[in-house]
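Note: the block below is entry_22.txt and it holds compact mmCIF, C-alpha atoms.
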# COMPACT_ATOMS: atom_id res chain seq x y z
CA MET A 156 245.58 123.57 264.98
CA GLU A 157 246.02 126.72 262.96
CA SER A 158 242.83 128.69 262.44
CA ALA A 159 241.73 129.63 258.95
CA SER A 160 242.36 133.13 257.68
CA PRO A 161 239.26 135.34 257.70
CA GLN A 162 239.65 135.55 253.90
CA THR A 163 240.09 131.82 253.26
CA LEU A 164 237.28 129.70 251.81
CA LYS A 165 236.31 126.42 253.49
CA LYS A 166 237.18 123.05 251.89
CA THR A 167 233.92 121.23 251.14
CA ALA A 168 234.15 119.61 247.67
CA GLY A 169 235.24 116.23 246.29
CA TRP A 170 235.62 115.48 242.57
CA VAL A 171 231.98 114.41 242.14
CA HIS A 172 230.84 117.74 243.61
CA LEU A 173 233.17 119.49 241.18
CA TRP A 174 231.82 117.44 238.27
CA ALA A 175 228.28 118.41 239.24
CA LEU A 176 229.25 122.08 239.55
CA GLY A 177 230.94 122.04 236.13
CA VAL A 178 228.19 120.16 234.27
CA GLY A 179 225.52 122.07 236.19
CA GLY A 180 227.04 125.36 235.11
CA VAL A 181 226.75 124.36 231.45
CA ILE A 182 223.71 122.10 231.19
CA SER A 183 221.29 124.98 230.66
CA GLY A 184 222.89 125.35 227.23
CA ASN A 185 220.92 122.24 226.27
CA TYR A 186 217.71 123.94 227.37
CA PHE A 187 218.16 127.47 226.04
CA GLY A 188 220.55 129.59 223.99
CA TRP A 189 221.82 127.09 221.41
CA GLN A 190 218.60 127.15 219.37
CA THR A 191 219.19 130.59 217.82
CA GLY A 192 222.12 129.02 215.98
CA LEU A 193 219.57 127.05 213.94
CA LEU A 194 218.23 130.31 212.50
CA THR A 195 221.69 131.72 211.73
CA GLY A 196 223.28 128.55 210.36
CA GLY A 197 220.57 125.96 209.82
CA PHE A 198 220.90 122.46 211.24
CA GLY A 199 224.01 121.66 209.21
CA GLY A 200 225.66 124.98 209.97
CA LEU A 201 225.10 124.61 213.70
CA LEU A 202 226.21 120.96 213.60
CA ILE A 203 229.55 121.83 211.97
CA ALA A 204 229.95 124.84 214.29
CA THR A 205 229.35 122.56 217.29
CA VAL A 206 232.07 120.14 216.15
CA LEU A 207 234.56 123.03 215.86
CA ILE A 208 233.60 124.48 219.24
CA ALA A 209 233.74 121.05 220.87
CA ALA A 210 237.33 120.75 219.62
CA MET A 211 238.15 124.17 221.10
CA TYR A 212 236.73 123.19 224.49
CA VAL A 213 238.55 119.87 224.58
CA CYS A 214 241.82 121.75 223.99
CA LEU A 215 240.87 124.30 226.67
CA VAL A 216 239.80 121.73 229.26
CA PHE A 217 242.97 119.65 229.02
CA SER A 218 245.10 122.80 229.29
CA ILE A 219 243.31 124.20 232.33
CA ALA A 220 243.29 120.76 233.95
CA GLU A 221 247.09 120.91 233.89
CA LEU A 222 247.16 124.51 235.15
CA SER A 223 244.60 123.98 237.92
CA ALA A 224 246.54 121.02 239.30
CA ALA A 225 249.78 123.02 239.24
CA LEU A 226 248.34 126.33 240.51
CA PRO A 227 245.27 125.67 242.69
CA ASP A 228 243.75 128.98 243.76
CA ALA A 229 240.26 130.50 244.00
CA GLY A 230 241.18 132.98 241.25
CA GLY A 231 241.18 130.42 238.44
CA PHE A 232 242.10 131.89 235.07
CA TYR A 233 243.42 135.23 236.31
CA ASN A 234 245.72 133.33 238.68
CA PHE A 235 247.18 131.36 235.75
CA THR A 236 247.75 134.52 233.71
CA ARG A 237 249.34 136.26 236.69
CA ALA A 238 251.81 133.40 237.12
CA ALA A 239 252.69 133.63 233.41
CA PHE A 240 252.65 137.37 232.69
CA GLY A 241 252.34 139.28 235.96
CA LYS A 242 249.61 141.33 237.57
CA ASP A 243 248.68 143.62 234.66
CA ARG A 244 247.58 141.06 232.09
CA ALA A 245 246.04 139.07 234.92
CA PHE A 246 243.60 141.94 235.46
CA LEU A 247 242.45 141.70 231.83
CA ASN A 248 241.84 137.97 232.20
CA GLY A 249 240.00 138.46 235.49
CA LEU A 250 237.90 141.23 233.95
CA THR A 251 236.86 139.20 230.89
CA ASP A 252 236.07 136.25 233.17
CA ALA A 253 233.91 138.53 235.30
CA ILE A 254 232.02 139.71 232.20
CA GLU A 255 231.29 136.07 231.32
CA TYR A 256 230.21 134.99 234.79
CA VAL A 257 228.07 138.04 235.58
CA THR A 258 226.43 138.10 232.15
CA THR A 259 225.77 134.35 231.85
CA PRO A 260 223.27 134.12 234.75
CA ALA A 261 221.41 137.03 233.15
CA VAL A 262 221.16 135.01 229.92
CA ILE A 263 219.95 131.98 231.85
CA VAL A 264 217.35 133.85 233.87
CA ALA A 265 215.98 135.19 230.56
CA GLY A 266 215.61 131.55 229.53
CA ILE A 267 213.94 130.70 232.84
CA ALA A 268 211.43 133.48 232.21
CA GLY A 269 210.70 131.98 228.77
CA TYR A 270 209.86 128.60 230.31
CA MET A 271 207.85 130.17 233.14
CA LYS A 272 205.77 132.16 230.64
CA ALA A 273 204.99 128.91 228.82
CA LEU A 274 203.67 127.53 232.12
CA VAL A 275 202.10 130.79 233.39
CA PRO A 276 200.93 132.65 230.26
CA GLY A 277 200.86 136.42 230.52
CA SER A 278 203.33 136.70 233.39
CA PRO A 279 205.95 139.46 232.95
CA ASP A 280 209.58 138.49 232.44
CA TRP A 281 210.97 140.83 235.10
CA VAL A 282 209.05 139.10 237.91
CA TRP A 283 210.83 135.81 237.18
CA TRP A 284 214.20 137.55 236.88
CA VAL A 285 213.90 139.06 240.36
CA VAL A 286 212.40 135.97 242.02
CA PHE A 287 215.05 133.56 240.77
CA TYR A 288 217.96 135.89 241.56
CA LEU A 289 216.67 136.35 245.11
CA ILE A 290 216.29 132.60 245.68
CA PHE A 291 219.62 131.45 244.30
CA VAL A 292 221.82 134.28 245.51
CA GLY A 293 220.29 133.50 248.92
CA ILE A 294 221.17 129.79 248.64
CA ASN A 295 224.77 130.63 247.71
CA ILE A 296 225.09 133.00 250.65
CA SER A 297 223.79 130.25 252.96
CA GLY A 298 226.98 128.19 252.68
CA ALA A 299 229.27 126.31 250.28
CA ALA A 300 228.15 122.88 251.50
CA ILE A 301 224.53 123.78 250.77
CA SER A 302 225.54 125.17 247.35
CA PHE A 303 227.38 121.99 246.36
CA GLY A 304 224.51 119.82 247.60
CA VAL A 305 221.93 121.80 245.63
CA SER A 306 224.16 121.72 242.56
CA MET A 307 224.53 117.94 242.74
CA GLY A 308 220.79 117.31 243.06
CA ILE A 309 219.56 119.60 240.31
CA THR A 310 222.40 118.70 237.89
CA VAL A 311 221.58 114.98 238.09
CA LEU A 312 217.85 115.71 237.69
CA ALA A 313 218.53 118.01 234.70
CA ALA A 314 220.61 115.31 232.99
CA LEU A 315 217.88 112.70 233.61
CA VAL A 316 215.28 115.00 232.07
CA LEU A 317 217.42 115.31 228.92
CA LEU A 318 217.89 111.54 228.74
CA LEU A 319 214.13 111.06 229.12
CA PHE A 320 213.53 113.47 226.25
CA TYR A 321 216.09 111.73 224.03
CA GLY A 322 214.53 108.34 224.69
CA GLY A 323 211.02 109.66 224.11
CA ALA A 324 211.95 111.39 220.84
CA VAL A 325 213.34 108.13 219.42
CA ALA A 326 210.82 105.67 220.94
CA THR A 327 207.68 107.60 219.94
CA GLY A 328 208.82 108.26 216.39
CA ALA A 329 208.52 112.03 216.94
CA PHE A 330 212.00 112.62 215.51
CA SER A 331 212.52 112.93 211.77
CA TRP A 332 215.38 114.27 209.65
CA ALA A 333 212.85 116.20 207.56
CA ASN A 334 212.01 118.30 210.64
CA ALA A 335 215.69 118.98 211.33
CA LEU A 336 216.16 120.21 207.76
CA ASN A 337 212.99 122.30 207.39
CA ILE A 338 214.58 125.76 207.29
CA PRO A 339 214.00 127.16 203.79
CA PRO A 340 217.38 127.53 202.03
CA GLU A 341 218.50 130.80 200.51
CA PRO A 342 218.94 130.79 196.72
CA GLY A 343 221.90 128.64 195.73
CA ASN A 344 222.06 126.77 199.06
CA ASN A 345 220.58 123.49 200.28
CA ALA A 346 218.52 122.28 203.26
CA PHE A 347 221.61 121.13 205.18
CA LEU A 348 223.32 124.54 204.89
CA PRO A 349 220.39 126.89 204.18
CA HIS A 350 222.55 129.98 204.76
CA GLY A 351 225.67 128.57 203.13
CA TRP A 352 229.16 128.44 204.58
CA TYR A 353 228.74 131.83 206.25
CA GLY A 354 225.99 130.25 208.36
CA ILE A 355 228.59 128.02 210.03
CA PHE A 356 230.58 131.10 211.03
CA ALA A 357 227.48 132.93 212.31
CA ALA A 358 226.40 129.87 214.34
CA LEU A 359 229.71 129.55 216.25
CA PRO A 360 228.74 131.73 219.26
CA TYR A 361 225.56 129.70 219.77
CA ALA A 362 227.45 126.40 219.67
CA VAL A 363 229.59 127.77 222.52
CA TRP A 364 226.49 127.63 224.70
CA PHE A 365 226.67 123.81 224.79
CA TYR A 366 229.97 124.04 226.73
CA LEU A 367 230.35 127.54 228.15
CA ALA A 368 231.21 127.64 231.89
CA ILE A 369 232.86 124.20 232.27
CA GLU A 370 235.99 126.32 232.71
CA GLN A 371 234.63 127.74 235.98
CA LEU A 372 235.88 124.71 237.92
CA PRO A 373 239.34 126.12 238.80
CA LEU A 374 237.50 128.82 240.78
CA SER A 375 236.59 126.03 243.22
CA ALA A 376 240.20 124.94 243.80
CA GLU A 377 240.42 126.54 247.23
CA GLU A 378 237.28 124.67 248.34
CA SER A 379 238.39 121.32 246.89
CA TYR A 380 239.72 118.66 249.26
CA ASP A 381 242.50 117.75 246.80
CA ALA A 382 242.60 120.09 243.81
CA ALA A 383 245.67 118.51 242.19
CA ARG A 384 243.92 115.15 241.96
CA ASP A 385 240.25 116.05 241.73
CA MET A 386 240.23 119.05 239.39
CA PRO A 387 241.60 117.27 236.27
CA ARG A 388 239.31 114.31 236.94
CA ALA A 389 236.21 116.49 237.26
CA LEU A 390 237.13 118.52 234.16
CA LYS A 391 237.64 115.43 231.98
CA TRP A 392 234.44 113.71 233.10
CA GLY A 393 232.61 117.01 232.79
CA ILE A 394 233.57 117.70 229.18
CA GLY A 395 232.85 114.07 228.27
CA THR A 396 229.34 114.37 229.70
CA LEU A 397 228.73 117.65 227.88
CA LEU A 398 229.91 116.31 224.52
CA LEU A 399 227.36 113.49 224.68
CA LEU A 400 224.53 115.79 225.76
CA SER A 401 225.25 118.37 223.06
CA VAL A 402 224.93 115.76 220.32
CA GLY A 403 221.67 114.43 221.75
CA THR A 404 220.12 117.87 222.13
CA LEU A 405 221.19 119.32 218.79
CA VAL A 406 220.05 116.34 216.74
CA LEU A 407 216.90 115.25 218.57
CA ASN A 408 215.49 118.62 219.67
CA SER A 409 215.96 120.01 216.14
CA GLY A 410 214.09 117.08 214.61
CA VAL A 411 210.83 117.05 216.59
CA GLY A 412 207.64 119.10 216.56
CA PRO A 413 208.06 122.35 214.61
CA GLY A 414 211.54 121.24 213.57
CA ALA A 415 214.61 123.44 213.27
CA ASN A 416 212.62 126.40 211.96
CA GLY A 417 210.19 126.48 214.89
CA VAL A 418 212.61 125.33 217.60
CA GLY A 419 215.13 127.98 216.51
CA ALA A 420 212.56 130.73 217.07
CA SER A 421 211.34 129.32 220.40
CA ALA A 422 212.15 130.91 223.76
CA ALA A 423 211.78 127.45 225.35
CA PRO A 424 213.12 124.89 222.82
CA LEU A 425 213.07 121.85 225.09
CA GLU A 426 209.52 122.69 226.15
CA ALA A 427 208.55 122.68 222.46
CA GLY A 428 210.29 119.32 222.15
CA PHE A 429 208.46 117.81 225.11
CA ARG A 430 205.12 118.93 223.73
CA ALA A 431 205.90 117.29 220.41
CA VAL A 432 206.97 114.04 222.04
CA PHE A 433 204.27 113.82 224.72
CA SER A 434 201.39 115.39 222.76
CA ARG A 435 200.37 118.37 224.92
CA ASN A 436 199.04 116.31 227.81
CA VAL A 437 199.53 116.67 231.57
CA THR A 438 202.76 114.71 231.40
CA SER A 439 204.16 117.20 228.91
CA THR A 440 203.29 120.16 231.15
CA LEU A 441 204.88 118.42 234.12
CA LEU A 442 208.02 117.64 232.14
CA SER A 443 208.20 121.24 230.94
CA ALA A 444 208.17 122.35 234.57
CA ILE A 445 210.83 119.77 235.44
CA SER A 446 212.89 120.92 232.47
CA LEU A 447 213.47 124.17 234.34
CA THR A 448 215.97 122.20 236.42
CA GLY A 449 218.54 122.48 233.62
CA LEU A 450 218.36 126.24 233.61
CA ILE A 451 218.26 126.38 237.40
CA ALA A 452 221.31 124.09 237.67
CA SER A 453 223.40 126.46 235.55
CA PHE A 454 221.93 129.59 237.11
CA HIS A 455 222.86 128.36 240.57
CA SER A 456 226.34 127.13 239.57
CA ILE A 457 227.38 130.31 237.77
CA ILE A 458 226.13 132.52 240.60
CA TYR A 459 228.55 130.47 242.72
CA ALA A 460 231.29 131.12 240.12
CA TYR A 461 230.90 134.90 239.88
CA GLY A 462 230.85 135.12 243.67
CA ARG A 463 234.18 133.29 243.92
CA LEU A 464 235.75 135.25 241.07
CA LEU A 465 234.79 138.70 242.37
CA PHE A 466 235.91 137.60 245.84
CA ALA A 467 239.31 136.44 244.54
CA LEU A 468 239.88 139.58 242.47
CA SER A 469 239.01 141.73 245.47
CA ARG A 470 241.23 139.75 247.84
CA ALA A 471 244.14 140.23 245.41
CA GLY A 472 243.54 143.99 245.29
CA TYR A 473 242.09 144.20 241.76
CA LEU A 474 238.65 145.25 243.02
CA PRO A 475 237.57 147.18 246.15
CA SER A 476 238.21 145.25 249.37
CA LEU A 477 234.53 145.22 250.36
CA MET A 478 233.89 142.47 247.79
CA SER A 479 236.22 140.05 249.61
CA LYS A 480 234.17 140.27 252.81
CA LEU A 481 232.96 136.84 254.02
CA GLY A 482 229.81 136.21 256.02
CA GLY A 483 229.33 133.96 259.02
CA ARG A 484 229.11 130.89 256.76
CA ARG A 485 232.36 131.84 255.00
CA THR A 486 230.68 132.80 251.75
CA PRO A 487 231.44 136.02 249.80
CA TRP A 488 228.03 137.58 250.35
CA VAL A 489 228.92 141.08 249.11
CA ALA A 490 230.30 139.73 245.82
CA LEU A 491 227.24 137.50 245.39
CA LEU A 492 224.80 140.36 245.95
CA LEU A 493 226.69 142.78 243.70
CA GLY A 494 226.86 140.29 240.83
CA GLY A 495 223.11 139.67 241.16
CA VAL A 496 222.30 143.36 240.97
CA LEU A 497 224.52 143.77 237.89
CA GLY A 498 222.84 140.78 236.22
CA LEU A 499 219.38 142.25 236.76
CA VAL A 500 220.50 145.60 235.37
CA LEU A 501 221.79 143.82 232.24
CA CYS A 502 218.45 142.05 231.78
CA PHE A 503 216.52 145.32 231.91
CA LEU A 504 218.98 147.09 229.58
CA ALA A 505 218.88 144.27 227.03
CA GLN A 506 215.07 144.25 227.11
CA GLN A 507 214.99 148.00 226.56
CA TYR A 508 217.55 148.28 223.79
CA ALA A 509 218.12 144.85 222.18
CA GLY A 510 214.65 143.30 222.06
CA SER A 511 215.88 139.68 222.33
CA VAL A 512 217.23 139.68 225.88
CA GLY A 513 218.71 136.19 225.89
CA ALA A 514 220.37 136.30 222.47
CA ALA A 515 221.90 139.76 223.01
CA LEU A 516 223.29 138.87 226.44
CA LEU A 517 224.48 135.49 225.14
CA ASN A 518 226.77 137.18 222.63
CA MET A 519 228.13 139.49 225.36
CA ALA A 520 228.85 136.48 227.60
CA VAL A 521 230.51 134.57 224.77
CA PHE A 522 232.64 137.60 223.84
CA GLY A 523 233.97 137.87 227.41
CA ALA A 524 234.49 134.11 227.67
CA LEU A 525 236.45 133.83 224.42
CA MET A 526 238.81 136.64 225.39
CA SER A 527 239.55 134.87 228.67
CA TYR A 528 240.08 131.52 226.90
CA ILE A 529 242.61 133.01 224.51
CA LEU A 530 244.47 134.69 227.37
CA VAL A 531 244.63 131.54 229.50
CA LEU A 532 245.81 129.37 226.60
CA VAL A 533 248.54 131.90 225.80
CA SER A 534 249.42 131.76 229.51
CA TYR A 535 249.63 127.97 229.29
CA LEU A 536 252.16 128.25 226.46
CA ARG A 537 254.16 130.88 228.35
CA LEU A 538 254.33 128.76 231.51
CA LYS A 539 255.39 125.73 229.48
CA SER A 540 258.26 127.76 228.07
CA ASP A 541 259.34 129.85 231.04
CA GLN A 542 258.59 127.51 233.95
CA PRO A 543 259.37 123.99 232.69
CA HIS A 544 260.20 122.83 236.22
CA LEU A 545 256.86 123.93 237.73
CA LYS A 546 255.40 120.92 239.54
CA ARG A 547 252.60 119.61 237.32
CA PRO A 548 250.70 116.70 238.94
CA TYR A 549 248.68 116.38 235.71
CA LEU A 550 249.88 116.89 232.12
CA SER A 551 247.60 117.68 229.18
CA PRO A 552 247.85 114.89 226.57
CA LEU A 553 247.45 117.58 223.87
CA GLY A 554 250.27 119.78 225.19
CA ARG A 555 251.33 122.90 223.30
CA ALA A 556 249.62 121.81 220.07
CA GLY A 557 246.28 121.60 221.87
CA ALA A 558 246.66 125.06 223.36
CA ALA A 559 247.66 126.56 219.99
CA THR A 560 244.64 124.92 218.30
CA GLY A 561 242.36 126.28 221.02
CA ILE A 562 243.74 129.80 220.48
CA ALA A 563 243.14 129.65 216.72
CA LEU A 564 239.56 128.41 217.13
CA GLY A 565 238.93 130.98 219.87
CA LEU A 566 240.04 133.86 217.61
CA ILE A 567 237.73 132.69 214.81
CA CYS A 568 234.80 132.41 217.21
CA LEU A 569 235.57 135.82 218.72
CA ALA A 570 235.23 137.35 215.26
CA ALA A 571 231.93 135.49 214.83
CA THR A 572 230.35 137.33 217.77
CA PHE A 573 230.02 140.26 215.34
CA ALA A 574 228.32 138.13 212.66
CA VAL A 575 224.72 139.01 213.61
CA PRO A 576 224.20 142.75 212.97
CA SER A 577 221.51 143.28 215.63
CA PHE A 578 223.84 141.95 218.36
CA ARG A 579 226.88 144.03 217.41
CA PRO A 580 225.98 146.98 219.67
CA GLY A 581 225.97 144.73 222.76
CA VAL A 582 229.31 143.15 221.88
CA ALA A 583 230.79 146.55 220.99
CA GLY A 584 229.49 147.92 224.30
CA THR A 585 231.22 145.07 226.11
CA ALA A 586 234.49 145.91 224.33
CA VAL A 587 234.13 149.56 225.36
CA PHE A 588 233.49 148.46 228.96
CA VAL A 589 236.72 146.45 228.88
CA LEU A 590 238.64 149.54 227.71
CA VAL A 591 237.09 151.72 230.44
CA MET A 592 237.98 149.18 233.12
CA LEU A 593 241.53 148.88 231.79
CA ALA A 594 241.87 152.67 232.09
CA TYR A 595 240.55 152.48 235.68
CA TYR A 596 243.10 149.79 236.45
CA TRP A 597 246.12 151.57 234.90
CA LEU A 598 245.32 154.97 236.35
CA TYR A 599 244.35 153.86 239.84
CA ARG A 600 243.86 150.23 240.82
CA ARG A 601 247.18 148.70 239.77
CA HIS A 602 248.91 150.62 242.57
CA HIS A 603 246.87 148.60 245.09
CA VAL A 604 247.91 145.21 243.74
CA GLU A 605 251.09 143.66 245.08
CA ASP A 606 253.59 141.98 242.76
CA LEU A 607 254.08 138.26 243.23
Starting from the file, give its structure as structure tokens.
Amino acid sequence: MESASPQTLKKTAGWVHLWALGVGGVISGNYFGWQTGLLTGGFGGLLIATVLIAAMYVCLVFSIAELSAALPDAGGFYNFTRAAFGKDRAFLNGLTDAIEYVTTPAVIVAGIAGYMKALVPGSPDWVWWVVFYLIFVGINISGAAISFGVSMGITVLAALVLLLFYGGAVATGAFSWANALNIPPEPGNNAFLPHGWYGIFAALPYAVWFYLAIEQLPLSAEESYDAARDMPRALKWGIGTLLLLSVGTLVLNSGVGPGANGVGASAAPLEAGFRAVFSRNVTSTLLSAISLTGLIASFHSIIYAYGRLLFALSRAGYLPSLMSKLGGRRTPWVALLLGGVLGLVLCFLAQQYAGSVGAALLNMAVFGALMSYILVLVSYLRLKSDQPHLKRPYLSPLGRAGAATGIALGLICLAATFAVPSFRPGVAGTAVFVLVMLAYYWLYRRHHVEDL
């Protein structure tokens, strides 16, 4: 029996594990992040934005399901772009992916701190940032089997908590449309679109939060028992689950308690919802604590994702070789630790210069994600044209039209990341970082990457 390469990840995941990893990576978007879109677009603006973003993600998911079955590799998106365009543009895709996956846990841990402060009033944010990074980076270093097991358990629990909230909001009569439409409209607008048509545009980046990170699944291809069969299945079931949850959260959480106006300003929107439904009793406090599982599920899953991405980029020569070092349990411990340190630094910088840590980082994460989506969908079209005979065990039912639609919606949403003036410096800083890293690559690193 041939022994595994010292830089090969161990196969440990079936399609249900992949589904849990994908949904777990996203489910925190139902607990934190989306609510700011209520303030920028109102309920109607965020609702329409969510429909548009859902369409973009459906196009993306079907396209990457086809690519991941044809090109299973731990590198995910950058691997697809490399097959289509070569090593140079692959670096840009890998870089924008890395921005998304390193920044997203920082957004989520800001949300975790918001919930913890609701449970432990007066506690400083930074304590929760450090504690949760230490715990979940440690779990990911402990082994892939442990990571997948933890992901499965907390993802299922997080989904059950959401279903319990939905049922309670309807059964107790706490939900009302008047609450969902209680944001005062600007002159000339109405309660459904209080900020007019521009509000839909401004709400787009927040709608992304309902689905962002489902695309991480191809990073698990090397650890999947049968990527060609299981990856498309997990992606399709994953996006289906997320579509249903996004509708439930947007409608029901907006229409309880303080309504859209209060929920939009809350650092813990689901906690506010639970208190409205369960009337500030012990059960509500307990459910608020349990509701942390949604944030923890995504935090854990995306730490897994950035570890695999940085590992794959390092193994291919795009990043220093130290980051592809595996520990005794065949996990990329250096990449996991480095990503955690960078995430903490981002939290402190956003607190110092942006005020709203979560919202500022969210726009940075969305900016990086959208750039990578556009690149991978362009790569899909290129591979369809240039490599028609590539073995494709799964074919997207939307084909080229789906990919083209996803690109158009992605470009519109990318422009929308600049819609909120206070968040423009963070997004602009991310763009500058991309340019600096591209210069580093062209002047030095590209000579260390072998051509395919």
Using all atoms listed in the file, find each residue of range 495-586 of chain A with at least one atom at most 12 Å away from an atom of range 225-239 of chain A; report its shortest atom-to-atom pair and that distance in Å (one decimal), sort the rows by chain and rising residue number, and return the result as CSV.
residue,atom,partner,partner_atom,distance
A:Ala524,CA,A:Phe232,CA,10.8
A:Met526,CA,A:Phe232,CA,11.3
A:Ser527,CA,A:Phe232,CA,7.5
A:Tyr528,CA,A:Phe232,CA,8.4
A:Ile529,CA,A:Phe232,CA,10.6
A:Leu530,CA,A:Thr236,CA,7.1
A:Val531,CA,A:Thr236,CA,6.0
A:Leu532,CA,A:Thr236,CA,9.0
A:Val533,CA,A:Thr236,CA,8.4
A:Ser534,CA,A:Thr236,CA,5.3
A:Tyr535,CA,A:Ala239,CA,7.6
A:Leu536,CA,A:Ala239,CA,8.8
A:Arg537,CA,A:Ala239,CA,5.9
A:Leu538,CA,A:Ala239,CA,5.5
A:Lys539,CA,A:Ala239,CA,9.2
A:Ser540,CA,A:Ala239,CA,9.7
A:Asp541,CA,A:Ala239,CA,8.0
A:Gln542,CA,A:Ala239,CA,8.5
A:Pro543,CA,A:Ala225,CA,11.7
A:His544,CA,A:Ala225,CA,10.9
A:Leu545,CA,A:Ala225,CA,7.3
A:Lys546,CA,A:Ala225,CA,6.0
A:Arg547,CA,A:Ala225,CA,4.8
A:Pro548,CA,A:Ala225,CA,6.4
A:Tyr549,CA,A:Ala225,CA,7.6
A:Leu550,CA,A:Ala225,CA,9.4
A:Ser551,CA,A:Ala225,CA,11.6
Using all atoms listed in the file, which residues of range 214-289 of chain A come within 9 Å of range 169-193 of chain A, and what is the closest atom pair for each, with the distance in Å to one decimal? Give it as JSON lines, sorted by chain and residue number.
{"residue": "A:Val262", "atom": "CA", "partner": "A:Gly188", "partner_atom": "CA", "distance": 8.1}
{"residue": "A:Ile263", "atom": "CA", "partner": "A:Ser183", "partner_atom": "CA", "distance": 7.2}
{"residue": "A:Gly266", "atom": "CA", "partner": "A:Phe187", "partner_atom": "CA", "distance": 5.9}
{"residue": "A:Ile267", "atom": "CA", "partner": "A:Phe187", "partner_atom": "CA", "distance": 8.6}
Quiz item: Of the candidates A:Thr310, A:Ala556, A:Phe573, A:Gly277, which one gets nearest to Leu397 in chain A if we count all atoms listed in the file?
Solution: A:Thr310
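Nearest residue to Ala571 in chain A among A:Gly304, A:Pro342, A:Pro360, A:Gly462 is A:Pro360, counting only C-alpha atoms.
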Practice problem: Could you tell me how far CA of Phe291 in chain A lies from CA of Ala423 in chain A, in Å and to one decimal? | Solution: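 Spanning CA of Phe291 in chain A to CA of Ala423 in chain A is a straight-line distance of 20.9 Å.
The space between CA of Ser453 in chain A and CA of Ala313 in chain A spans 9.8 Å.
Using only C-alpha atoms for every distance, the candidate list A:Val500, A:Ile296, A:Val282, A:Ala333 yields A:Ile296 as the residue closest to Thr486 in chain A.
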Exercise. Have a look at A:Leu317, A:Ala382, A:Ala268, A:Val411 and name the one nearest to Val432 in chain A; count all atoms listed in the file.
Key: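 Under the stated criterion, the closest residue is A:Val411.
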Quiz item: Pick the closest to Ala570 in chain A from A:Phe356, A:Phe365, A:Tyr599, A:Tyr459: which is it, counting all atoms listed in the file?
Solution: A:Phe356
Practice problem: Write out as a PyMOL selection string each polymer residue whose atoms come within 6 Å of range 413-418 of chain A, counting all atoms listed in the file; drop sequence neighbours fewer than 4 positions from it. | Solution: chain A and resi 334-335+338+409+424
Store the residues of this selection in a file with C-alpha atoms, as an mmCIF file, in the coordinates of the input.
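Written file, selection-v8.cif:
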data_model
loop_
_atom_site.group_PDB
_atom_site.id
_atom_site.type_symbol
_atom_site.label_atom_id
_atom_site.label_comp_id
_atom_site.auth_asym_id
_atom_site.auth_seq_id
_atom_site.Cartn_x
_atom_site.Cartn_y
_atom_site.Cartn_z
ATOM 1 C CA ASN A 334 212.010 118.300 210.640
ATOM 2 C CA ALA A 335 215.690 118.980 211.330
ATOM 3 C CA ILE A 338 214.580 125.760 207.290
ATOM 4 C CA SER A 409 215.960 120.010 216.140
ATOM 5 C CA PRO A 424 213.120 124.890 222.820
#
Practice problem: Between A:Gly498, A:Gly482, A:Gly197, A:Gly523, single out the one closest to Leu367 in chain A, counting all atoms listed in the file. | Solution: A:Gly523
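You will find CA of Ile294 in chain A at 20.2 Å from CA of Trp281 in chain A.
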Edge lengths and centre in Å, axis-aligned, range 477-482 of chain A plus 8 Å each side, as lines of an AutoDock Vina configuration file:
center_x = 233.0
center_y = 140.7
center_z = 251.9
size_x = 22.4
size_y = 25.0
size_z = 24.2
Show me, as JSON lines, the residues of range 375-400 of chain A having an atom within 12 Å of range 220-223 of chain A, each with the closest atom pair and its distance in Å, using all atoms listed in the file.
{"residue": "A:Ser375", "atom": "CA", "partner": "A:Ser223", "partner_atom": "CA", "distance": 9.8}
{"residue": "A:Ala376", "atom": "CA", "partner": "A:Ser223", "partner_atom": "CA", "distance": 7.4}
{"residue": "A:Glu377", "atom": "CA", "partner": "A:Ser223", "partner_atom": "CA", "distance": 10.5}
{"residue": "A:Ser379", "atom": "CA", "partner": "A:Ser223", "partner_atom": "CA", "distance": 11.2}
{"residue": "A:Asp381", "atom": "CA", "partner": "A:Ser223", "partner_atom": "CA", "distance": 11.0}
{"residue": "A:Ala382", "atom": "CA", "partner": "A:Ser223", "partner_atom": "CA", "distance": 7.3}
{"residue": "A:Ala383", "atom": "CA", "partner": "A:Ser223", "partner_atom": "CA", "distance": 7.0}
{"residue": "A:Arg384", "atom": "CA", "partner": "A:Ser223", "partner_atom": "CA", "distance": 9.7}
{"residue": "A:Asp385", "atom": "CA", "partner": "A:Ala220", "partner_atom": "CA", "distance": 9.6}
{"residue": "A:Met386", "atom": "CA", "partner": "A:Ala220", "partner_atom": "CA", "distance": 6.5}
{"residue": "A:Pro387", "atom": "CA", "partner": "A:Ala220", "partner_atom": "CA", "distance": 4.5}
{"residue": "A:Arg388", "atom": "CA", "partner": "A:Ala220", "partner_atom": "CA", "distance": 8.1}
{"residue": "A:Ala389", "atom": "CA", "partner": "A:Ala220", "partner_atom": "CA", "distance": 8.9}
{"residue": "A:Leu390", "atom": "CA", "partner": "A:Ala220", "partner_atom": "CA", "distance": 6.6}
{"residue": "A:Lys391", "atom": "CA", "partner": "A:Ala220", "partner_atom": "CA", "distance": 8.0}
{"residue": "A:Trp392", "atom": "CA", "partner": "A:Ala220", "partner_atom": "CA", "distance": 11.3}
{"residue": "A:Gly393", "atom": "CA", "partner": "A:Ala220", "partner_atom": "CA", "distance": 11.4}
{"residue": "A:Ile394", "atom": "CA", "partner": "A:Ala220", "partner_atom": "CA", "distance": 11.3}
